[in-house]
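Q: Dropping in structure23.cif, which is mmCIF, C-alpha atoms and all ligand atoms:
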data_structure
loop_
_atom_site.label_atom_id
_atom_site.label_comp_id
_atom_site.auth_asym_id
_atom_site.auth_seq_id
_atom_site.Cartn_x
_atom_site.Cartn_y
_atom_site.Cartn_z
CA MET A 1 137.81 68.54 44.59
CA SER A 2 140.08 70.18 42.06
CA ALA A 3 142.48 72.60 43.71
CA ASP A 4 142.59 75.01 40.79
CA PHE A 5 138.83 75.31 40.20
CA VAL A 6 137.49 78.74 41.02
CA PRO A 7 133.68 78.84 41.16
CA PRO A 8 132.45 81.58 38.81
CA ILE A 9 130.85 83.56 41.60
CA ARG A 10 129.25 86.85 40.57
CA SER A 11 131.86 89.54 41.18
CA ASP A 12 129.51 91.50 43.42
CA LEU A 13 129.05 88.44 45.64
CA THR A 14 132.71 87.51 45.96
CA GLY A 15 133.84 87.65 49.56
CA VAL A 16 130.40 88.76 50.78
CA ALA A 17 129.41 87.17 54.10
CA SER A 18 125.91 85.77 54.52
CA TYR A 19 123.40 87.67 56.66
CA GLY A 20 122.81 86.45 60.16
CA ALA A 21 122.85 87.32 63.83
CA PRO A 22 124.53 84.87 66.22
CA GLN A 23 122.36 81.89 67.19
CA LEU A 24 123.76 81.08 70.64
CA GLU A 25 122.30 78.80 73.31
CA VAL A 26 122.24 81.27 76.21
CA PRO A 27 119.61 81.72 78.95
CA ALA A 28 118.18 84.95 77.50
CA ARG A 29 118.13 85.25 73.71
CA LEU A 30 117.03 88.82 73.11
CA ASN A 31 118.77 89.60 69.83
CA VAL A 32 116.43 88.92 66.90
CA ASN A 33 113.05 90.30 68.03
CA GLU A 34 111.41 86.91 68.28
CA ASN A 35 108.33 86.34 70.37
CA PRO A 36 109.89 84.75 73.48
CA PHE A 37 106.88 82.58 74.33
CA SER A 38 106.70 79.09 72.93
CA LEU A 39 103.36 78.17 71.40
CA PRO A 40 100.59 77.18 73.81
CA PRO A 41 100.44 73.34 73.83
CA GLU A 42 96.85 73.25 72.54
CA LEU A 43 97.87 75.35 69.55
CA ALA A 44 100.95 73.20 68.89
CA GLU A 45 98.69 70.15 68.99
CA ALA A 46 96.17 71.68 66.61
CA MET A 47 99.04 72.48 64.23
CA GLY A 48 100.27 68.91 64.46
CA ALA A 49 96.79 67.64 63.55
CA ALA A 50 96.55 70.12 60.65
CA VAL A 51 99.96 69.03 59.37
CA ALA A 52 98.93 65.35 59.65
CA ARG A 53 95.86 66.09 57.52
CA ALA A 54 97.97 68.00 54.98
CA ALA A 55 100.54 65.18 54.94
CA ILE A 56 98.13 62.78 53.25
CA ASP A 57 98.10 65.03 50.20
CA LEU A 58 101.81 65.85 50.13
CA ASN A 59 102.14 63.81 46.93
CA ARG A 60 100.41 66.80 45.29
CA TYR A 61 101.80 70.29 44.90
CA PRO A 62 100.28 72.81 47.32
CA ASP A 63 97.60 75.37 46.50
CA ARG A 64 99.82 77.52 44.33
CA ASP A 65 98.02 80.75 45.20
CA ALA A 66 97.36 79.89 48.87
CA GLU A 67 93.75 81.02 48.39
CA GLY A 68 92.48 79.76 51.76
CA LEU A 69 95.35 81.26 53.72
CA ARG A 70 95.06 84.62 51.95
CA GLN A 71 91.36 84.79 52.88
CA GLU A 72 92.20 83.96 56.51
CA LEU A 73 94.83 86.71 56.52
CA ALA A 74 92.30 89.18 55.10
CA ASP A 75 89.84 88.21 57.87
CA TYR A 76 92.54 88.63 60.51
CA VAL A 77 93.51 92.11 59.27
CA ALA A 78 89.84 93.15 59.18
CA GLY A 79 89.62 92.27 62.87
CA GLU A 80 93.04 93.63 63.83
CA SER A 81 93.06 96.93 61.92
CA GLY A 82 89.36 97.32 61.14
CA VAL A 83 90.06 97.47 57.40
CA GLU A 84 88.44 95.12 54.88
CA VAL A 85 90.99 94.06 52.27
CA PRO A 86 89.82 91.57 49.62
CA ALA A 87 91.84 88.34 49.44
CA ALA A 88 92.78 89.35 45.88
CA GLN A 89 94.80 92.15 47.51
CA VAL A 90 96.66 89.89 49.91
CA TRP A 91 99.93 88.16 49.10
CA VAL A 92 101.72 85.56 51.23
CA ALA A 93 105.18 84.02 51.14
CA ASN A 94 107.93 82.48 53.26
CA GLY A 95 108.45 85.31 55.71
CA SER A 96 108.08 88.99 54.94
CA ASN A 97 111.68 88.66 53.75
CA GLU A 98 110.43 86.70 50.77
CA VAL A 99 107.49 89.06 50.25
CA MET A 100 109.96 91.94 50.06
CA HIS A 101 112.17 89.94 47.69
CA HIS A 102 109.14 89.44 45.42
CA LEU A 103 108.45 93.18 45.56
CA PHE A 104 112.02 93.96 44.52
CA LEU A 105 111.79 91.40 41.70
CA ALA A 106 108.56 92.97 40.46
CA PHE A 107 109.26 96.67 40.97
CA GLY A 108 113.05 96.91 41.12
CA GLY A 109 115.61 95.59 38.67
CA PRO A 110 118.48 96.96 36.59
CA GLY A 111 118.36 100.71 36.13
CA ARG A 112 115.74 101.12 38.85
CA LEU A 113 116.13 102.66 42.27
CA ALA A 114 114.85 101.77 45.74
CA ILE A 115 115.18 104.33 48.51
CA THR A 116 114.76 104.22 52.25
CA PHE A 117 115.69 106.05 55.43
CA ASP A 118 118.53 104.97 57.70
CA PRO A 119 118.97 103.59 60.29
CA THR A 120 116.60 100.85 59.18
CA TYR A 121 116.33 97.12 58.52
CA SER A 122 119.63 95.75 57.32
CA MET A 123 118.19 93.27 54.79
CA TYR A 124 116.93 95.87 52.31
CA PRO A 125 120.30 96.40 50.62
CA GLU A 126 120.55 92.64 50.16
CA TYR A 127 117.23 92.43 48.29
CA ALA A 128 118.48 95.30 46.14
CA ARG A 129 121.78 93.57 45.43
CA ASP A 130 120.09 90.27 44.56
CA THR A 131 117.73 91.94 42.11
CA PHE A 132 120.30 94.37 40.62
CA THR A 133 118.30 97.30 41.92
CA ASP A 134 120.09 100.54 42.80
CA TYR A 135 119.70 101.40 46.46
CA GLU A 136 120.06 104.74 48.21
CA THR A 137 119.41 105.71 51.79
CA PHE A 138 118.66 109.07 53.35
CA GLU A 139 119.20 109.94 57.00
CA ARG A 140 116.36 109.79 59.44
CA THR A 141 115.94 112.80 61.71
CA ASP A 142 117.46 112.90 65.22
CA ASP A 143 114.27 111.39 66.67
CA PHE A 144 114.42 108.63 64.01
CA GLY A 145 111.50 110.04 62.05
CA ILE A 146 111.54 111.09 58.41
CA ASP A 147 111.91 114.61 57.07
CA VAL A 148 108.94 114.32 54.73
CA GLY A 149 109.70 117.54 52.89
CA ALA A 150 113.12 116.19 51.99
CA ALA A 151 111.62 112.79 51.15
CA VAL A 152 109.13 114.35 48.74
CA GLU A 153 111.93 116.26 47.05
CA VAL A 154 114.08 113.15 46.73
CA ILE A 155 111.20 111.18 45.22
CA GLY A 156 110.75 113.93 42.65
CA SER A 157 114.43 114.28 41.81
CA ARG A 158 115.75 110.72 42.11
CA ARG A 159 112.65 109.03 40.67
CA PRO A 160 112.75 105.73 42.59
CA THR A 161 110.33 102.93 41.71
CA LEU A 162 110.33 101.67 45.31
CA VAL A 163 110.15 103.74 48.49
CA LEU A 164 110.52 101.72 51.68
CA LEU A 165 109.13 103.05 54.94
CA THR A 166 109.54 100.88 58.02
CA SER A 167 107.02 101.53 60.76
CA PRO A 168 107.54 100.61 63.51
CA ASN A 169 111.12 100.85 62.34
CA ASN A 170 113.85 98.32 63.06
CA PRO A 171 116.20 98.92 64.87
CA THR A 172 114.77 102.13 66.37
CA GLY A 173 111.25 100.91 67.30
CA THR A 174 109.78 104.25 66.26
CA ALA A 175 106.49 104.46 64.32
CA LEU A 176 105.80 107.04 61.61
CA PRO A 177 102.75 109.29 61.84
CA LEU A 178 100.12 108.31 59.29
CA SER A 179 100.22 111.85 57.92
CA ASP A 180 103.91 111.37 56.99
CA ILE A 181 103.15 108.09 55.24
CA ARG A 182 100.31 109.77 53.36
CA THR A 183 102.54 112.65 52.23
CA VAL A 184 105.21 110.25 50.98
CA ALA A 185 102.59 108.04 49.30
CA ASP A 186 101.09 111.08 47.54
CA ALA A 187 104.49 112.13 46.22
CA ALA A 188 105.23 108.57 45.14
CA LEU A 189 101.88 108.27 43.39
CA GLY A 190 102.65 111.43 41.43
CA ALA A 191 106.09 110.07 40.54
CA GLY A 192 104.86 106.60 39.57
CA ALA A 193 106.57 104.87 42.51
CA MET A 194 105.45 102.11 44.84
CA VAL A 195 105.53 102.75 48.59
CA VAL A 196 106.14 99.74 50.78
CA VAL A 197 105.37 100.20 54.46
CA ASP A 198 107.09 97.40 56.35
CA GLU A 199 104.88 96.73 59.36
CA ALA A 200 106.60 93.59 60.67
CA TYR A 201 105.96 94.86 64.21
CA ALA A 202 102.47 96.33 63.66
CA GLU A 203 100.70 94.41 66.40
CA PHE A 204 102.97 95.86 69.07
CA ARG A 205 102.08 99.48 68.33
CA HIS A 206 100.49 101.56 71.07
CA ASP A 207 96.74 102.07 71.08
CA GLY A 208 95.84 104.94 68.82
CA VAL A 209 98.80 104.45 66.46
CA PRO A 210 97.09 103.65 63.14
CA SER A 211 98.31 101.09 60.63
CA ALA A 212 99.05 102.13 57.05
CA VAL A 213 96.51 99.46 56.08
CA SER A 214 93.92 102.21 56.63
CA LEU A 215 95.38 104.05 53.61
CA LEU A 216 95.17 101.17 51.14
CA ASP A 217 91.84 102.26 49.73
CA GLY A 218 93.16 105.54 48.36
CA TYR A 219 96.60 104.42 47.21
CA PRO A 220 97.01 101.87 44.39
CA ASN A 221 100.78 102.31 44.81
CA LEU A 222 100.74 101.27 48.49
CA VAL A 223 101.90 97.92 49.86
CA VAL A 224 101.90 97.10 53.57
CA THR A 225 104.01 94.10 54.53
CA ARG A 226 103.43 92.14 57.69
CA THR A 227 104.70 88.92 59.24
CA MET A 228 103.57 86.07 61.46
CA SER A 229 107.13 85.81 62.83
CA LYS A 230 106.59 88.25 65.69
CA ALA A 231 103.05 88.69 67.02
CA PHE A 232 102.07 85.13 66.02
CA ALA A 233 105.20 83.60 67.57
CA LEU A 234 105.79 81.82 64.28
CA ALA A 235 109.30 82.82 63.21
CA GLY A 236 110.16 79.15 62.68
CA ALA A 237 107.31 78.60 60.23
CA ARG A 238 108.29 81.44 57.85
CA VAL A 239 105.08 83.24 56.95
CA GLY A 240 104.91 86.85 55.85
CA TYR A 241 102.27 88.66 53.87
CA ALA A 242 101.43 91.88 52.10
CA LEU A 243 98.26 93.92 51.75
CA VAL A 244 98.16 95.92 48.56
CA GLY A 245 96.13 98.83 47.25
CA ASP A 246 95.77 97.39 43.75
CA PRO A 247 95.08 93.74 42.88
CA ARG A 248 97.39 94.02 39.85
CA VAL A 249 100.27 94.06 42.32
CA VAL A 250 99.35 90.58 43.53
CA GLU A 251 99.02 89.35 39.94
CA THR A 252 102.55 90.60 39.29
CA LEU A 253 103.95 89.00 42.43
CA LYS A 254 102.51 85.70 41.16
CA VAL A 255 104.63 86.17 38.04
CA VAL A 256 107.93 86.50 39.90
CA ARG A 257 107.46 83.97 42.71
CA LEU A 258 108.90 80.49 42.28
CA PRO A 259 106.28 77.87 41.43
CA TYR A 260 104.51 76.49 44.51
CA HIS A 261 106.61 78.71 46.73
CA LEU A 262 104.59 78.17 49.93
CA SER A 263 104.45 74.57 51.10
CA ALA A 264 101.19 72.86 52.07
CA VAL A 265 102.70 72.28 55.52
CA THR A 266 103.37 76.01 55.95
CA GLN A 267 99.88 76.90 54.75
CA ALA A 268 98.28 74.43 57.19
CA VAL A 269 100.34 75.76 60.11
CA ALA A 270 99.56 79.40 59.28
CA VAL A 271 95.81 78.83 58.92
CA THR A 272 95.78 77.06 62.29
CA ALA A 273 97.66 79.93 63.96
CA LEU A 274 95.24 82.48 62.49
CA ARG A 275 92.30 80.54 63.89
CA HIS A 276 93.94 80.80 67.34
CA ALA A 277 94.83 84.47 67.00
CA ASP A 278 93.03 85.34 70.25
CA VAL A 279 95.33 83.16 72.39
CA LEU A 280 98.39 84.70 70.77
CA GLN A 281 97.03 88.21 71.18
CA ALA A 282 97.16 87.73 74.95
CA GLN A 283 100.92 87.19 74.63
CA VAL A 284 101.22 90.32 72.53
CA ALA A 285 99.40 92.34 75.19
CA LEU A 286 101.84 91.08 77.83
CA LEU A 287 104.83 91.87 75.63
CA ARG A 288 103.56 95.41 75.07
CA GLN A 289 103.27 95.88 78.83
CA GLU A 290 106.74 94.44 79.37
CA ARG A 291 108.10 96.73 76.65
CA ASP A 292 106.66 99.82 78.28
CA ALA A 293 107.84 98.73 81.72
CA LEU A 294 111.34 98.02 80.42
CA SER A 295 111.50 101.37 78.59
CA ALA A 296 110.43 103.18 81.76
CA TRP A 297 113.01 101.28 83.81
CA LEU A 298 115.80 102.10 81.35
CA ILE A 299 114.85 105.78 81.42
CA GLY A 300 114.75 105.61 85.22
CA GLN A 301 118.29 104.25 85.20
CA GLY A 302 119.44 107.23 83.15
CA PHE A 303 119.68 105.57 79.75
CA THR A 304 118.44 107.22 76.56
CA VAL A 305 115.57 105.26 75.03
CA ALA A 306 113.98 105.59 71.60
CA PRO A 307 110.18 105.46 71.97
CA SER A 308 109.20 101.97 70.86
CA ASP A 309 106.02 100.72 69.20
CA ALA A 310 107.70 97.36 68.57
CA ASN A 311 108.78 94.34 70.63
CA PHE A 312 112.30 95.68 71.13
CA ILE A 313 113.97 98.78 72.50
CA LEU A 314 116.91 100.81 71.21
CA PHE A 315 118.77 102.29 74.13
CA GLY A 316 122.09 103.97 74.92
CA MET A 317 124.23 105.88 74.85
CA PHE A 318 127.43 103.93 75.37
CA GLU A 319 130.94 105.07 74.71
CA ASP A 320 131.91 101.46 74.07
CA ARG A 321 128.81 99.50 73.18
CA ALA A 322 130.81 96.40 72.26
CA ARG A 323 132.00 96.20 75.85
CA VAL A 324 128.45 96.41 77.20
CA TRP A 325 127.24 93.85 74.66
CA SER A 326 129.90 91.34 75.64
CA GLY A 327 129.39 92.06 79.35
CA LEU A 328 125.76 91.10 78.94
CA LEU A 329 126.70 87.99 77.00
CA ASP A 330 129.09 86.96 79.78
CA ARG A 331 126.02 87.04 82.02
CA GLY A 332 123.91 84.90 79.69
CA VAL A 333 122.01 87.70 77.94
CA LEU A 334 122.38 88.02 74.18
CA ILE A 335 121.25 91.34 72.67
CA ARG A 336 122.12 93.09 69.39
CA GLN A 337 124.80 95.58 68.49
CA THR A 338 122.96 97.51 65.86
CA GLY A 339 121.75 100.99 65.06
CA PRO A 340 123.80 104.16 65.23
CA ASP A 341 127.02 104.06 67.17
CA GLY A 342 126.49 104.19 70.92
CA TRP A 343 123.13 102.37 70.87
CA LEU A 344 122.17 98.78 71.58
CA ARG A 345 118.93 96.95 70.83
CA VAL A 346 117.23 94.53 73.19
CA SER A 347 114.23 92.40 72.25
CA VAL A 348 111.49 92.22 74.84
CA GLY A 349 111.57 88.78 76.43
CA THR A 350 109.51 86.93 78.99
CA PRO A 351 109.23 88.69 82.37
CA ASP A 352 112.05 86.42 83.68
CA GLU A 353 114.30 87.17 80.73
CA ASN A 354 113.68 90.89 81.11
CA ASP A 355 114.67 90.66 84.78
CA MET A 356 117.81 88.82 83.79
CA PHE A 357 118.56 91.59 81.30
CA ARG A 358 117.99 94.30 83.92
CA ARG A 359 120.34 92.63 86.41
CA ALA A 360 122.98 91.94 83.78
CA LEU A 361 122.85 95.50 82.48
CA LEU A 362 123.27 96.98 85.94
CA ALA A 363 126.15 94.62 86.68
CA THR A 364 127.80 95.36 83.34
CA THR A 365 127.51 99.12 83.51
CA SER A 366 128.23 99.60 87.22
CA PRO A 367 131.70 100.94 88.09
CA ASP A 368 132.68 97.80 90.07
CA ASP A 369 131.98 95.51 87.16
CA ASP A 370 134.66 92.84 87.64
CA GLN A 371 133.90 90.64 84.64
CA PRO A 372 136.83 89.99 82.31
CA ARG A 373 136.60 91.82 78.98
N1 LIG B 401 111.02 93.58 58.31
C1 LIG B 401 111.57 93.98 59.45
C2 LIG B 401 111.58 95.43 59.78
C3 LIG B 401 112.14 93.04 60.32
O1 LIG B 401 112.73 93.48 61.45
C4 LIG B 401 112.10 91.68 59.99
C5 LIG B 401 112.66 90.61 60.89
N2 LIG B 401 113.69 90.91 61.67
C6 LIG B 401 111.52 91.33 58.78
C7 LIG B 401 110.98 92.30 57.97
C8 LIG B 401 111.50 89.92 58.29
O2 LIG B 401 110.75 89.06 59.03
P1 LIG B 401 110.27 87.66 58.51
O3 LIG B 401 110.98 87.34 57.24
O4 LIG B 401 110.59 86.71 59.59
O5 LIG B 401 108.81 87.82 58.27
#
Just give me the structure as structure tokens.

A:
Amino acid sequence: MSADFVPPIRSDLTGVASYGAPQLEVPARLNVNENPFSLPPELAEAMGAAVARAAIDLNRYPDRDAEGLRQELADYVAGESGVEVPAAQVWVANGSNEVMHHLFLAFGGPGRLAITFDPTYSMYPEYARDTFTDYETFERTDDFGIDVGAAVEVIGSRRPTLVLLTSPNNPTGTALPLSDIRTVADAALGAGAMVVVDEAYAEFRHDGVPSAVSLLDGYPNLVVTRTMSKAFALAGARVGYALVGDPRVVETLKVVRLPYHLSAVTQAVAVTALRHADVLQAQVALLRQERDALSAWLIGQGFTVAPSDANFILFGMFEDRARVWSGLLDRGVLIRQTGPDGWLRVSVGTPDENDMFRRALLATTSPDDDQPR
């Protein structure tokens, strides 16, 4: 290695650290909103068999457009949200991260603007940076909603091509009323902008909270992104998807994706998971119950809790959240320091992990906490 060689790194990437939360082997890993349940053995076995079948043909490139998987996703959404979306209006990629990257490649770019509402998912500015898209954020309201009047004004004055709405939002857990999404989508339609509703946590929403999928019919500028990383307990497989109001969006995403972006192994695993959706839905139901129980417990203990429609809870308020975070870690519970100052975010775990979290939090925040800091 030559000592005087300096790699010609893009100036905007120089010194930039890569994204990533700590991956620590501790008893309760509640920091990245994973589904805490491992896959049921019969599902893991079925996946193994599906991968073995796919393996025979791995000398060939995969189905470039993942036709079979996109149809299965459409069928799943029809059952889950009661909305029929043709497979031609479904896109799939390696995690909703990659779906969003494709959307930025297609609808962002130099001289174009993406806007969103903070606090929200911390990856969005990275997609913007990678695609040379300008990025601006506007403050959410005190209850972590969106001031739609202000949003409509901003869309008219700043003329973004991409408006990102996250619902349920990360890290707050709060869902947006459908009427707010509709108002923003109307303004965006008038201004020629796409609206992307990031519904990574959709399946955890309370009964009666509608999905933006129900708006797709009337809005050719609407994209709803979803993922199999959470409800389907498939974070390790990397499968995310989008449902779009206009099939031309999918045709454009095909233009910007890398060739054969979704491996045959991934497609086989995802199709198998979708065919076992009912088993996984039982886990989701339990996680929703655990989430509500944990929220109620936190409120009962005097903490402030943001109402969550996701599989995590933002809670506070702490004068020194770093101290609480490390106190929990000392006790084997890893959560996330994120969101506005004073708040912490905990992912909903298994009932045992949630108990561990409760005990650790009480021990950490009680006055006779004797753990070293
Ligand atoms: N959107 C939101 C709001 C998220 O919180 C996450 C995961 N943390 C993602 C998208 C990306 O998920 P994945 O790439 O695993 O589908």

Q: Residues near stretch 295-307 of chain A, anyone? I mean within 9 Å using all atoms listed in the file, not counting same-chain ones fewer than 5 positions away, as a PyMOL selection string.

A: chain A and resi 143-144+172-175+290+313-317+343+358+362

Q: Let me make sure I understand: among A:Asp142, A:Leu234, A:Glu80, A:Val256, which one has the smallest atom-to-atom distance to A:Pro210 if we use all atoms listed in the file?

A: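 So, comparing all the options, the nearest one is A:Glu80.
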
Q: Which of these, A:Gly240, A:Gly20, A:Gly15, A:Pro7, has the shortest distance to ligand LIG 401 (chain B) once you count only C-alpha atoms and all ligand atoms?

A: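 So, comparing all the options, the nearest one is A:Gly240.
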
Q: Of the candidates A:Arg10, A:Arg205, A:His101, A:Arg321, which shows the shortest atom-to-atom distance to ligand LIG 401 (chain B), using all atoms listed in the file?

A: A:His101

Q: In the coordinates of the file, take the point (101.3, 96.6, 72.6) and a cut-off of 6 Å; then, counting only C-alpha atoms, name each qualifying protein, DNA or RNA residue as a PDB file with C-alpha atoms, in the coordinates of the input.

A:
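Full text of out-v3.pdb as output:
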ATOM      1  CA  PHE A 204     102.970  95.860  69.070  1.00  0.00           C
ATOM      2  CA  ARG A 205     102.080  99.480  68.330  1.00  0.00           C
ATOM      3  CA  HIS A 206     100.490 101.560  71.070  1.00  0.00           C
ATOM      4  CA  ALA A 285      99.400  92.340  75.190  1.00  0.00           C
ATOM      5  CA  ARG A 288     103.560  95.410  75.070  1.00  0.00           C
TER       6      ARG A 288
END

Q: Which neighbours of A:Arg226 fall inside 6 Å, counting only C-alpha atoms, when residues of the same chain fewer than 3 positions from it are skipped, and could you give them as a CSV table (one decimal) with C-alpha atoms, in the frame of the given file?

A:
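Result went into part.csv, see below:
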chain,number,residue,atom,x,y,z
A,199,GLU,CA,104.9,96.7,59.4
A,200,ALA,CA,106.6,93.6,60.7
A,240,GLY,CA,104.9,86.8,55.8
A,241,TYR,CA,102.3,88.7,53.9
A,242,ALA,CA,101.4,91.9,52.1

Q: Need the shell around A:Asn170: protein/DNA/RNA residues with any atom at most 8 Å away, counting all atoms listed in the file. Skip same-chain ones fewer than 4 positions apart. Format as a ChimeraX atom specification?

A: /A:119-121,166,174

Q: From the list A:Ala191, A:Met228, A:Val92, A:Leu105, which residue is nearest ligand LIG 401 (chain B) when using all atoms listed in the file?

A: A:Met228

Q: Excluding A:Thr141 and any residue of its chain fewer than 4 positions from it, enumerate the residues within 12 Å of it, using all atoms listed in the file, and give them as a ChimeraX atom specification.

A: /A:117-119,145-151,172,174,176

Q: For the residues in the current selection, export C-alpha atoms as a short mmCIF file (atom, residue, chain, number, x, y, z; two decimals), in the coordinates of the input.

A:
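The resulting again_13.cif:
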data_model
loop_
_atom_site.label_atom_id
_atom_site.label_comp_id
_atom_site.auth_asym_id
_atom_site.auth_seq_id
_atom_site.Cartn_x
_atom_site.Cartn_y
_atom_site.Cartn_z
CA PHE A 117 115.69 106.05 55.43
CA ASP A 118 118.53 104.97 57.70
CA PRO A 119 118.97 103.59 60.29
CA GLY A 145 111.50 110.04 62.05
CA ILE A 146 111.54 111.09 58.41
CA ASP A 147 111.91 114.61 57.07
CA VAL A 148 108.94 114.32 54.73
CA GLY A 149 109.70 117.54 52.89
CA ALA A 150 113.12 116.19 51.99
CA ALA A 151 111.62 112.79 51.15
CA THR A 172 114.77 102.13 66.37
CA THR A 174 109.78 104.25 66.26
CA LEU A 176 105.80 107.04 61.61
#

Q: Counting all atoms listed in the file, which residues of chain A fall within 10 Å of ligand LIG 401 (chain B), and what is the closest atom pair for each with its distance in Å at one decimal, ordered by chain and rising number, as JSON lines?

A:
{"residue": "A:Asn31", "atom": "CA", "partner": "B:LIG401", "partner_atom": "N2", "distance": 9.7}
{"residue": "A:Val32", "atom": "CA", "partner": "B:LIG401", "partner_atom": "N2", "distance": 6.2}
{"residue": "A:Asn33", "atom": "CA", "partner": "B:LIG401", "partner_atom": "N2", "distance": 6.4}
{"residue": "A:Glu34", "atom": "CA", "partner": "B:LIG401", "partner_atom": "N2", "distance": 8.1}
{"residue": "A:Ala93", "atom": "CA", "partner": "B:LIG401", "partner_atom": "O5", "distance": 8.9}
{"residue": "A:Asn94", "atom": "CA", "partner": "B:LIG401", "partner_atom": "O3", "distance": 7.0}
{"residue": "A:Gly95", "atom": "CA", "partner": "B:LIG401", "partner_atom": "O3", "distance": 3.6}
{"residue": "A:Ser96", "atom": "CA", "partner": "B:LIG401", "partner_atom": "O5", "distance": 3.6}
{"residue": "A:Asn97", "atom": "CA", "partner": "B:LIG401", "partner_atom": "O3", "distance": 3.8}
{"residue": "A:Glu98", "atom": "CA", "partner": "B:LIG401", "partner_atom": "O3", "distance": 6.5}
{"residue": "A:Val99", "atom": "CA", "partner": "B:LIG401", "partner_atom": "O3", "distance": 8.0}
{"residue": "A:Met100", "atom": "CA", "partner": "B:LIG401", "partner_atom": "C7", "distance": 8.0}
{"residue": "A:His101", "atom": "CA", "partner": "B:LIG401", "partner_atom": "O3", "distance": 10.0}
{"residue": "A:Thr120", "atom": "CA", "partner": "B:LIG401", "partner_atom": "C2", "distance": 7.4}
{"residue": "A:Tyr121", "atom": "CA", "partner": "B:LIG401", "partner_atom": "C2", "distance": 5.2}
{"residue": "A:Ser122", "atom": "CA", "partner": "B:LIG401", "partner_atom": "O1", "distance": 8.4}
{"residue": "A:Met123", "atom": "CA", "partner": "B:LIG401", "partner_atom": "C7", "distance": 7.9}
{"residue": "A:Tyr124", "atom": "CA", "partner": "B:LIG401", "partner_atom": "N1", "distance": 8.7}
{"residue": "A:Leu165", "atom": "CA", "partner": "B:LIG401", "partner_atom": "C2", "distance": 9.4}
{"residue": "A:Thr166", "atom": "CA", "partner": "B:LIG401", "partner_atom": "C2", "distance": 6.1}
{"residue": "A:Ser167", "atom": "CA", "partner": "B:LIG401", "partner_atom": "C2", "distance": 7.7}
{"residue": "A:Pro168", "atom": "CA", "partner": "B:LIG401", "partner_atom": "C2", "distance": 7.6}
{"residue": "A:Asn169", "atom": "CA", "partner": "B:LIG401", "partner_atom": "C2", "distance": 6.0}
{"residue": "A:Asn170", "atom": "CA", "partner": "B:LIG401", "partner_atom": "C2", "distance": 4.9}
{"residue": "A:Pro171", "atom": "CA", "partner": "B:LIG401", "partner_atom": "O1", "distance": 7.3}
{"residue": "A:Thr172", "atom": "CA", "partner": "B:LIG401", "partner_atom": "C2", "distance": 9.9}
{"residue": "A:Gly173", "atom": "CA", "partner": "B:LIG401", "partner_atom": "C2", "distance": 9.3}
{"residue": "A:Val197", "atom": "CA", "partner": "B:LIG401", "partner_atom": "C2", "distance": 9.5}
{"residue": "A:Asp198", "atom": "CA", "partner": "B:LIG401", "partner_atom": "N1", "distance": 5.8}
{"residue": "A:Glu199", "atom": "CA", "partner": "B:LIG401", "partner_atom": "C2", "distance": 6.8}
{"residue": "A:Ala200", "atom": "CA", "partner": "B:LIG401", "partner_atom": "N1", "distance": 5.0}
{"residue": "A:Tyr201", "atom": "CA", "partner": "B:LIG401", "partner_atom": "C2", "distance": 7.2}
{"residue": "A:Ala202", "atom": "CA", "partner": "B:LIG401", "partner_atom": "C2", "distance": 9.9}
{"residue": "A:Thr225", "atom": "CA", "partner": "B:LIG401", "partner_atom": "C7", "distance": 8.0}
{"residue": "A:Arg226", "atom": "CA", "partner": "B:LIG401", "partner_atom": "O5", "distance": 6.9}
{"residue": "A:Thr227", "atom": "CA", "partner": "B:LIG401", "partner_atom": "O5", "distance": 4.4}
{"residue": "A:Met228", "atom": "CA", "partner": "B:LIG401", "partner_atom": "O5", "distance": 6.4}
{"residue": "A:Ser229", "atom": "CA", "partner": "B:LIG401", "partner_atom": "O4", "distance": 4.8}
{"residue": "A:Lys230", "atom": "CA", "partner": "B:LIG401", "partner_atom": "O4", "distance": 7.5}
{"residue": "A:Leu234", "atom": "CA", "partner": "B:LIG401", "partner_atom": "O4", "distance": 8.3}
{"residue": "A:Ala235", "atom": "CA", "partner": "B:LIG401", "partner_atom": "O4", "distance": 5.5}
{"residue": "A:Gly236", "atom": "CA", "partner": "B:LIG401", "partner_atom": "O4", "distance": 8.2}
{"residue": "A:Ala237", "atom": "CA", "partner": "B:LIG401", "partner_atom": "O4", "distance": 8.8}
{"residue": "A:Arg238", "atom": "CA", "partner": "B:LIG401", "partner_atom": "O4", "distance": 6.0}
{"residue": "A:Val239", "atom": "CA", "partner": "B:LIG401", "partner_atom": "O5", "distance": 6.1}
{"residue": "A:Gly240", "atom": "CA", "partner": "B:LIG401", "partner_atom": "O5", "distance": 4.7}
{"residue": "A:Tyr241", "atom": "CA", "partner": "B:LIG401", "partner_atom": "O5", "distance": 7.9}
{"residue": "A:Ala310", "atom": "CA", "partner": "B:LIG401", "partner_atom": "O1", "distance": 9.5}
{"residue": "A:Phe312", "atom": "CA", "partner": "B:LIG401", "partner_atom": "O1", "distance": 9.9}

Q: So which residues touch A:Leu253 within 8 Å, counting only C-alpha atoms, skipping near sequence neighbours fewer than 5 positions away, as a ChimeraX atom specification?

A: /A:91,102-103,106

Q: Between atom CA of A:Ala88 and atom CA of A:Val213, what is the distance in Å, rounded to a tenth?

A: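 Distance between the two atoms: 14.8 Å.
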
Q: Out of A:Ala282, A:Leu69, A:Ala293, A:Val163, which residue has the shortest atom-to-atom distance to A:Ala233 when counting all atoms listed in the file?

A: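 Of A:Ala282, A:Leu69, A:Ala293, A:Val163, the one nearest A:Ala233, counting all atoms listed in the file, is A:Ala282.
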